[in-house]
Amino acid sequence: MFSSRAIIRASRGSATRSIAVPRVLSSSQSRSYATPAVADSKPPVALFGLDGTYASALYTAAVKSSSLDTVAKAMTTLESVYSKDAKLAQILLAPTLTTSDKSQIVAELQKSIGAEKSETVKNFLETLADYNRLNLLKGIAQKFGELMSAQRGEVELIVTSASPLDNKTLSRLETAVGKSEYVGQGKKLKVTNKVNSDILGGLVVEIGDRTIDLSVSAKLAKMNKLLTDTL
């Protein structure tokens with residue numbers, strides 16, 4: 001897990017100091033993230049938002065440095081770190097972090113995600129620190145995951161239920177959806193089960209940009225509307 005105690009001490013100690021001006025990027029870093037991507041390093045899908053822009057830049061840099069698998073693993077671990085350490089997002093949002101504080105954060109992050117030997121990840125984290133964008137890391141990691149899914153030919157299948165579904169049920173859903181017109185030829189399904197007690201029962205199935213609402217709450221809403229329109 002991310003070791004936040006040392007960084008918390010650093011951020012507290014910096015509370016009375018002025019915000020440090022980010023360091024100027026080195027020429028090698030500028031080339032990594034500013035040079036237009038060549039055809040084979042172009043991200044497989046277009047992403048939007050600032051986190052999507054950074055995720056796309058990281059993907060291009062990873063392909064160019066032949067470290068895509070290593071970077072992908074680091075980003076997946078980073079998402080896990082965020083879910084396990086609730087204080088991390090708060091630390092990265094601190095407005096009083098100095099250059100020294102951010103360097104320590106980058107070092108801790110590298111250690112936590114096992115990326116000490118990845119020059120691409122190191123340069124990327126330093127770039128984010130330089131431009132005060134470390135608070136975007138969670139979104140960047142999630143968007144990078146979308147790029148990797150597209151690169152692997154995966155189609156995301158999100159099944160929302162009122163309670164967790166067992167593996168047998170998820171497997172049956174995956175098989176059924178995999179044979180449907182919603183999944184293109186040669187594509188692989190990436191199944192995720194989300195739990196939302198508000199749907200009361202049934203399922204909400206999301207495939208790419210399509211949503212099939214079979215929830216009890218949706219049926220009740222339709223029934224209420226029918227009764228309201230009738231009365």
# chains A, B, ... in the order shown; residues from 1 in each chain; ligands from 1

$ residues_around --residues "segment 139-151 of chain A" --least-positions-apart "5" --cutoff "8 Å" --atoms "only C-alpha atoms" --output "PyMOL selection string"
chain A and resi 43-45+47+51-52+54-56+59+72+75-76+78-79+156

$ select_by_dssp --residues "chain A" --states "strand (DSSP E or B)" --output "PyMOL selection string"
chain A and resi 154-161+188-195+202-207+210-215

$ closest_residue --among "A:Val71, A:Gly202, A:Thr98, A:Leu109" --to "Asp85 of chain A" --atoms "only C-alpha atoms"
A:Leu109

$ select_by_dssp --residues "segment 162-203 of chain A" --states "helix (DSSP H, G or I)" --output "count of residues only"
15

$ closest_atom_pairs --of "segment 74-168 of chain A" --to "segment 208-222 of chain A" --cutoff "10 Å" --atoms "only C-alpha atoms" --output "JSON lines"
{"residue": "A:Glu154", "atom": "CA", "partner": "A:Gly208", "partner_atom": "CA", "distance": 9.8}
{"residue": "A:Val155", "atom": "CA", "partner": "A:Gly208", "partner_atom": "CA", "distance": 6.2}
{"residue": "A:Glu156", "atom": "CA", "partner": "A:Gly208", "partner_atom": "CA", "distance": 5.8}
{"residue": "A:Leu157", "atom": "CA", "partner": "A:Gly208", "partner_atom": "CA", "distance": 6.9}
{"residue": "A:Ile158", "atom": "CA", "partner": "A:Gly208", "partner_atom": "CA", "distance": 8.6}
{"residue": "A:Val159", "atom": "CA", "partner": "A:Ile212", "partner_atom": "CA", "distance": 9.7}
{"residue": "A:Thr160", "atom": "CA", "partner": "A:Ser215", "partner_atom": "CA", "distance": 8.9}
{"residue": "A:Ser161", "atom": "CA", "partner": "A:Ser215", "partner_atom": "CA", "distance": 8.0}
{"residue": "A:Ala162", "atom": "CA", "partner": "A:Ser215", "partner_atom": "CA", "distance": 8.8}

$ atom_distance --atom1 "atom CA of Leu137 of chain A" --atom2 "atom CA of Val204 of chain A"
28.9 Å

$ atom_distance --atom1 "atom CA of Ala62 of chain A" --atom2 "atom CA of Lys187 of chain A"
23.4 Å

$ closest_residue --among "A:Ser41, A:Ser65, A:Thr192, A:Thr70" --to "Lys117 of chain A" --atoms "only C-alpha atoms"
A:Thr70

$ atom_distance --atom1 "atom CA of Val195 of chain A" --atom2 "atom CA of Ser163 of chain A"
5.6 Å

$ decode --residues "segment 116-225 of chain A" --atoms "C-alpha atoms" --output "PDB file, in the first residue's frame"
ATOM      1  CA  GLU A 116      11.350   2.256 -10.037  1.00  0.00           C
ATOM      2  CA  LYS A 117      13.023   0.829 -13.140  1.00  0.00           C
ATOM      3  CA  SER A 118      10.565   2.308 -15.649  1.00  0.00           C
ATOM      4  CA  GLU A 119      11.992   5.509 -17.094  1.00  0.00           C
ATOM      5  CA  THR A 120       8.709   6.173 -18.912  1.00  0.00           C
ATOM      6  CA  VAL A 121       6.634   6.094 -15.730  1.00  0.00           C
ATOM      7  CA  LYS A 122       9.270   8.071 -13.828  1.00  0.00           C
ATOM      8  CA  ASN A 123       9.361  10.823 -16.465  1.00  0.00           C
ATOM      9  CA  PHE A 124       5.582  10.878 -16.655  1.00  0.00           C
ATOM     10  CA  LEU A 125       5.106  11.252 -12.895  1.00  0.00           C
ATOM     11  CA  GLU A 126       7.721  14.005 -12.827  1.00  0.00           C
ATOM     12  CA  THR A 127       5.925  15.777 -15.672  1.00  0.00           C
ATOM     13  CA  LEU A 128       2.654  15.675 -13.750  1.00  0.00           C
ATOM     14  CA  ALA A 129       4.426  16.988 -10.642  1.00  0.00           C
ATOM     15  CA  ASP A 130       6.032  19.821 -12.642  1.00  0.00           C
ATOM     16  CA  TYR A 131       2.644  20.976 -13.903  1.00  0.00           C
ATOM     17  CA  ASN A 132       0.763  20.396 -10.617  1.00  0.00           C
ATOM     18  CA  ARG A 133      -1.312  17.613 -12.183  1.00  0.00           C
ATOM     19  CA  LEU A 134      -0.655  14.781  -9.719  1.00  0.00           C
ATOM     20  CA  ASN A 135      -4.269  15.124  -8.587  1.00  0.00           C
ATOM     21  CA  LEU A 136      -5.304  13.758 -12.013  1.00  0.00           C
ATOM     22  CA  LEU A 137      -3.526  10.438 -11.475  1.00  0.00           C
ATOM     23  CA  LYS A 138      -6.616   8.402 -10.615  1.00  0.00           C
ATOM     24  CA  GLY A 139      -8.464   9.561 -13.725  1.00  0.00           C
ATOM     25  CA  ILE A 140      -5.370   9.057 -15.872  1.00  0.00           C
ATOM     26  CA  ALA A 141      -4.989   5.489 -14.626  1.00  0.00           C
ATOM     27  CA  GLN A 142      -8.636   4.756 -15.415  1.00  0.00           C
ATOM     28  CA  LYS A 143      -8.417   6.304 -18.882  1.00  0.00           C
ATOM     29  CA  PHE A 144      -5.196   4.395 -19.561  1.00  0.00           C
ATOM     30  CA  GLY A 145      -7.109   1.227 -18.708  1.00  0.00           C
ATOM     31  CA  GLU A 146      -9.652   2.147 -21.389  1.00  0.00           C
ATOM     32  CA  LEU A 147      -6.854   2.511 -23.927  1.00  0.00           C
ATOM     33  CA  MET A 148      -5.423  -0.882 -23.009  1.00  0.00           C
ATOM     34  CA  SER A 149      -8.855  -2.521 -23.297  1.00  0.00           C
ATOM     35  CA  ALA A 150      -9.263  -1.049 -26.771  1.00  0.00           C
ATOM     36  CA  GLN A 151      -5.729  -2.112 -27.712  1.00  0.00           C
ATOM     37  CA  ARG A 152      -6.525  -5.690 -26.653  1.00  0.00           C
ATOM     38  CA  GLY A 153      -9.805  -5.711 -28.561  1.00  0.00           C
ATOM     39  CA  GLU A 154     -11.895  -5.841 -25.398  1.00  0.00           C
ATOM     40  CA  VAL A 155     -15.497  -4.679 -25.084  1.00  0.00           C
ATOM     41  CA  GLU A 156     -16.499  -3.709 -21.560  1.00  0.00           C
ATOM     42  CA  LEU A 157     -19.558  -5.438 -20.171  1.00  0.00           C
ATOM     43  CA  ILE A 158     -20.766  -3.832 -16.941  1.00  0.00           C
ATOM     44  CA  VAL A 159     -23.473  -5.734 -15.096  1.00  0.00           C
ATOM     45  CA  THR A 160     -25.075  -3.802 -12.235  1.00  0.00           C
ATOM     46  CA  SER A 161     -27.068  -5.808  -9.695  1.00  0.00           C
ATOM     47  CA  ALA A 162     -28.631  -5.196  -6.280  1.00  0.00           C
ATOM     48  CA  SER A 163     -26.266  -7.763  -4.734  1.00  0.00           C
ATOM     49  CA  PRO A 164     -23.033  -9.392  -5.979  1.00  0.00           C
ATOM     50  CA  LEU A 165     -23.473 -12.018  -8.696  1.00  0.00           C
ATOM     51  CA  ASP A 166     -21.722 -15.366  -8.474  1.00  0.00           C
ATOM     52  CA  ASN A 167     -19.169 -16.458 -11.077  1.00  0.00           C
ATOM     53  CA  LYS A 168     -21.582 -18.942 -12.669  1.00  0.00           C
ATOM     54  CA  THR A 169     -24.176 -16.237 -13.338  1.00  0.00           C
ATOM     55  CA  LEU A 170     -21.553 -13.842 -14.696  1.00  0.00           C
ATOM     56  CA  SER A 171     -20.183 -16.579 -16.950  1.00  0.00           C
ATOM     57  CA  ARG A 172     -23.653 -17.291 -18.359  1.00  0.00           C
ATOM     58  CA  LEU A 173     -24.204 -13.583 -19.015  1.00  0.00           C
ATOM     59  CA  GLU A 174     -20.810 -13.303 -20.691  1.00  0.00           C
ATOM     60  CA  THR A 175     -21.599 -16.256 -22.970  1.00  0.00           C
ATOM     61  CA  ALA A 176     -25.036 -14.898 -23.886  1.00  0.00           C
ATOM     62  CA  VAL A 177     -23.845 -11.364 -24.593  1.00  0.00           C
ATOM     63  CA  GLY A 178     -20.764 -12.650 -26.429  1.00  0.00           C
ATOM     64  CA  LYS A 179     -23.038 -14.270 -29.020  1.00  0.00           C
ATOM     65  CA  SER A 180     -25.135 -11.152 -29.525  1.00  0.00           C
ATOM     66  CA  GLU A 181     -24.862  -8.403 -32.130  1.00  0.00           C
ATOM     67  CA  TYR A 182     -23.551  -6.027 -29.460  1.00  0.00           C
ATOM     68  CA  VAL A 183     -20.088  -7.601 -29.554  1.00  0.00           C
ATOM     69  CA  GLY A 184     -18.088  -7.282 -32.764  1.00  0.00           C
ATOM     70  CA  GLN A 185     -16.320 -10.195 -34.390  1.00  0.00           C
ATOM     71  CA  GLY A 186     -12.969 -10.960 -32.823  1.00  0.00           C
ATOM     72  CA  LYS A 187     -13.734  -8.856 -29.749  1.00  0.00           C
ATOM     73  CA  LYS A 188     -13.332 -10.061 -26.171  1.00  0.00           C
ATOM     74  CA  LEU A 189     -15.638  -9.210 -23.303  1.00  0.00           C
ATOM     75  CA  LYS A 190     -14.270  -7.633 -20.144  1.00  0.00           C
ATOM     76  CA  VAL A 191     -16.904  -8.312 -17.478  1.00  0.00           C
ATOM     77  CA  THR A 192     -17.361  -6.125 -14.399  1.00  0.00           C
ATOM     78  CA  ASN A 193     -20.052  -6.612 -11.754  1.00  0.00           C
ATOM     79  CA  LYS A 194     -21.114  -3.435  -9.954  1.00  0.00           C
ATOM     80  CA  VAL A 195     -23.442  -3.469  -6.962  1.00  0.00           C
ATOM     81  CA  ASN A 196     -26.152  -0.831  -6.509  1.00  0.00           C
ATOM     82  CA  SER A 197     -28.910  -1.623  -4.020  1.00  0.00           C
ATOM     83  CA  ASP A 198     -31.008   1.248  -5.414  1.00  0.00           C
ATOM     84  CA  ILE A 199     -32.041  -0.845  -8.428  1.00  0.00           C
ATOM     85  CA  LEU A 200     -33.887  -3.165  -5.952  1.00  0.00           C
ATOM     86  CA  GLY A 201     -33.503  -6.219  -8.184  1.00  0.00           C
ATOM     87  CA  GLY A 202     -32.946  -7.346 -11.747  1.00  0.00           C
ATOM     88  CA  LEU A 203     -29.993  -6.147 -13.789  1.00  0.00           C
ATOM     89  CA  VAL A 204     -28.669  -3.148 -15.675  1.00  0.00           C
ATOM     90  CA  VAL A 205     -26.408  -4.293 -18.504  1.00  0.00           C
ATOM     91  CA  GLU A 206     -24.012  -1.863 -20.197  1.00  0.00           C
ATOM     92  CA  ILE A 207     -22.132  -2.938 -23.333  1.00  0.00           C
ATOM     93  CA  GLY A 208     -19.882  -0.254 -24.731  1.00  0.00           C
ATOM     94  CA  ASP A 209     -22.178   2.737 -25.219  1.00  0.00           C
ATOM     95  CA  ARG A 210     -25.399   0.680 -25.006  1.00  0.00           C
ATOM     96  CA  THR A 211     -27.493   0.219 -21.851  1.00  0.00           C
ATOM     97  CA  ILE A 212     -30.191  -2.409 -21.251  1.00  0.00           C
ATOM     98  CA  ASP A 213     -32.153  -1.619 -18.076  1.00  0.00           C
ATOM     99  CA  LEU A 214     -33.881  -4.728 -16.703  1.00  0.00           C
ATOM    100  CA  SER A 215     -33.947  -3.494 -13.116  1.00  0.00           C
ATOM    101  CA  VAL A 216     -36.934  -3.640 -10.787  1.00  0.00           C
ATOM    102  CA  SER A 217     -36.595   0.094 -10.109  1.00  0.00           C
ATOM    103  CA  ALA A 218     -36.925   0.840 -13.838  1.00  0.00           C
ATOM    104  CA  LYS A 219     -40.029  -1.347 -14.120  1.00  0.00           C
ATOM    105  CA  LEU A 220     -41.580   0.377 -11.099  1.00  0.00           C
ATOM    106  CA  ALA A 221     -40.797   3.784 -12.600  1.00  0.00           C
ATOM    107  CA  LYS A 222     -42.549   2.791 -15.847  1.00  0.00           C
ATOM    108  CA  MET A 223     -45.544   1.468 -13.886  1.00  0.00           C
ATOM    109  CA  ASN A 224     -45.786   4.662 -11.848  1.00  0.00           C
ATOM    110  CA  LYS A 225     -45.650   6.763 -15.009  1.00  0.00           C
TER     111      LYS A 225
END
